[in-house]
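Written out below as structure tokens is the structure these notes cover.
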Amino acid sequence: MDNDVFLGDVIQTRKPHPCGGDTWVVIRTGADIKIKCQGCGRIVMLDREVFFKRRKKLIQRAAAPEAEREE
């Protein structure tokens, strides 16, 4: 699993949120990553390290501009 994360990515977490949902949308990236629950709309900010530990898998990759992707 790579450590790239882009705005709009949809991810699944290892444990479900108390609302029952386990899918989240990335709404901010940087030193911290802000995600929004697709079940209830709750917004959570996590350190990058914690985010990558809690992420189970990438469900849908957002279309990122070519300038952001340095492949």
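Every chain in the structure tokens takes a letter, A first, then B, and so on in the order presented; its residues are numbered from 1, and the ligands are numbered from 1 following the presented order.
Residues lying within 6 Å of A:Thr13, counting only C-alpha atoms and ignoring same-chain neighbours fewer than 3 positions away, are Asp22, Arg54, Arg55 and Lys56 of chain A.
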Any chance you could export the current selection's C-alpha atoms as a PDB file, in the first residue's frame?
ATOM      1  CA  ASP A  22     -16.391   2.769   7.636  1.00  0.00           C
ATOM      2  CA  ARG A  54      -6.060   3.336  10.605  1.00  0.00           C
ATOM      3  CA  ARG A  55      -6.589   3.093   6.839  1.00  0.00           C
ATOM      4  CA  LYS A  56      -7.548  -0.384   5.686  1.00  0.00           C
TER       5      LYS A  56
END
Need the shell around A:Arg61: protein/DNA/RNA residues with any atom at most 10 Å away, counting only C-alpha atoms. Skip same-chain ones fewer than 4 positions apart. Format as an MDAnalysis selection string? chainID A and resid 5:11
Taking all heavy atoms for each residue, export the selection above as a compact mmCIF listing (two decimals), in the first residue's frame.
# COMPACT_ATOMS: atom_id res chain seq x y z
N VAL A 5 -1.75 10.19 -0.75
CA VAL A 5 -3.15 10.48 -0.45
C VAL A 5 -3.49 11.80 -1.13
O VAL A 5 -2.71 12.74 -1.11
CB VAL A 5 -3.42 10.51 1.08
CG1 VAL A 5 -2.63 11.58 1.77
CG2 VAL A 5 -4.88 10.65 1.36
N PHE A 6 -4.64 11.83 -1.81
CA PHE A 6 -5.07 13.01 -2.55
C PHE A 6 -6.45 13.45 -2.08
O PHE A 6 -7.22 12.64 -1.55
CB PHE A 6 -5.13 12.70 -4.06
CG PHE A 6 -3.81 12.32 -4.64
CD1 PHE A 6 -3.51 11.00 -4.92
CD2 PHE A 6 -2.86 13.29 -4.90
CE1 PHE A 6 -2.30 10.65 -5.47
CE2 PHE A 6 -1.63 12.95 -5.46
CZ PHE A 6 -1.35 11.63 -5.74
N LEU A 7 -6.75 14.71 -2.29
CA LEU A 7 -8.08 15.23 -1.97
C LEU A 7 -9.12 14.45 -2.76
O LEU A 7 -8.94 14.19 -3.93
CB LEU A 7 -8.18 16.71 -2.32
CG LEU A 7 -7.34 17.66 -1.50
CD1 LEU A 7 -7.52 19.09 -2.02
CD2 LEU A 7 -7.70 17.60 -0.04
N GLY A 8 -10.19 14.07 -2.09
CA GLY A 8 -11.27 13.35 -2.76
C GLY A 8 -11.14 11.84 -2.74
O GLY A 8 -12.05 11.14 -3.16
N ASP A 9 -10.01 11.31 -2.26
CA ASP A 9 -9.86 9.86 -2.16
C ASP A 9 -10.91 9.32 -1.18
O ASP A 9 -11.22 9.95 -0.17
CB ASP A 9 -8.48 9.47 -1.61
CG ASP A 9 -7.38 9.58 -2.64
OD1 ASP A 9 -7.67 9.89 -3.81
OD2 ASP A 9 -6.21 9.34 -2.27
N VAL A 10 -11.45 8.16 -1.48
CA VAL A 10 -12.38 7.48 -0.58
C VAL A 10 -11.64 6.29 0.00
O VAL A 10 -11.10 5.47 -0.73
CB VAL A 10 -13.65 7.02 -1.33
CG1 VAL A 10 -14.60 6.29 -0.39
CG2 VAL A 10 -14.35 8.20 -1.97
N ILE A 11 -11.59 6.23 1.34
CA ILE A 11 -10.86 5.16 2.01
C ILE A 11 -11.78 4.40 2.96
O ILE A 11 -12.84 4.89 3.35
CB ILE A 11 -9.64 5.72 2.79
CG1 ILE A 11 -10.07 6.74 3.87
CG2 ILE A 11 -8.65 6.36 1.87
CD1 ILE A 11 -9.65 6.34 5.23
From the DSSP assignment of the backbone, select every residue of stretch 1-68 of chain A that is strand (DSSP E or B), and format the answer as a list in words.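 The strand (DSSP E or B) residues within stretch 1-68 of chain A come out as Val10, Ile11, Gln12, Thr13, Thr23, Trp24, Val25, Val26, Ile27, Arg28, Asp32, Ile33, Lys34, Ile35, Lys36, Cys37, Ile43, Val44, Met45, Leu46, Asp47, Arg55, Lys56, Lys57, Leu58, Ile59 and Gln60 of chain A.
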Residues at most 9 Å from A:Asp47, counting only C-alpha atoms, excluding those fewer than 2 positions away in the same chain, as a ChimeraX atom specification? /A:31-34,45,49-52
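Taking atom CA of A:Val44 and atom CA of A:Ile27 as the two end points, the separation is 9.8 Å.
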Enumerate, as a PDB file with N, CA and C atoms, in the first residue's frame, the complete set of residues in stretch 4-71 of chain A that a backbone-based DSSP assignment places in helix (DSSP H, G or I).
ATOM      1  N   ARG A  48      -0.602  12.230   9.885  1.00  0.00           N
ATOM      2  CA  ARG A  48      -0.375  11.334   8.744  1.00  0.00           C
ATOM      3  C   ARG A  48      -0.073   9.912   9.211  1.00  0.00           C
ATOM      4  N   GLU A  49       0.770   9.776  10.218  1.00  0.00           N
ATOM      5  CA  GLU A  49       1.156   8.460  10.711  1.00  0.00           C
ATOM      6  C   GLU A  49      -0.061   7.687  11.226  1.00  0.00           C
ATOM      7  N   VAL A  50      -0.905   8.349  12.001  1.00  0.00           N
ATOM      8  CA  VAL A  50      -2.109   7.716  12.548  1.00  0.00           C
ATOM      9  C   VAL A  50      -3.077   7.370  11.417  1.00  0.00           C
ATOM     10  N   PHE A  51      -3.213   8.278  10.437  1.00  0.00           N
ATOM     11  CA  PHE A  51      -4.108   8.032   9.297  1.00  0.00           C
ATOM     12  C   PHE A  51      -3.715   6.749   8.569  1.00  0.00           C
ATOM     13  N   PHE A  52      -2.421   6.587   8.274  1.00  0.00           N
ATOM     14  CA  PHE A  52      -1.995   5.408   7.521  1.00  0.00           C
ATOM     15  C   PHE A  52      -2.100   4.131   8.344  1.00  0.00           C
ATOM     16  N   LYS A  53      -2.041   4.221   9.676  1.00  0.00           N
ATOM     17  CA  LYS A  53      -2.252   3.045  10.522  1.00  0.00           C
ATOM     18  C   LYS A  53      -3.722   2.639  10.536  1.00  0.00           C
ATOM     19  N   ARG A  54      -4.620   3.621  10.513  1.00  0.00           N
ATOM     20  CA  ARG A  54      -6.060   3.336  10.605  1.00  0.00           C
ATOM     21  C   ARG A  54      -6.702   3.008   9.267  1.00  0.00           C
TER      22      ARG A  54
END
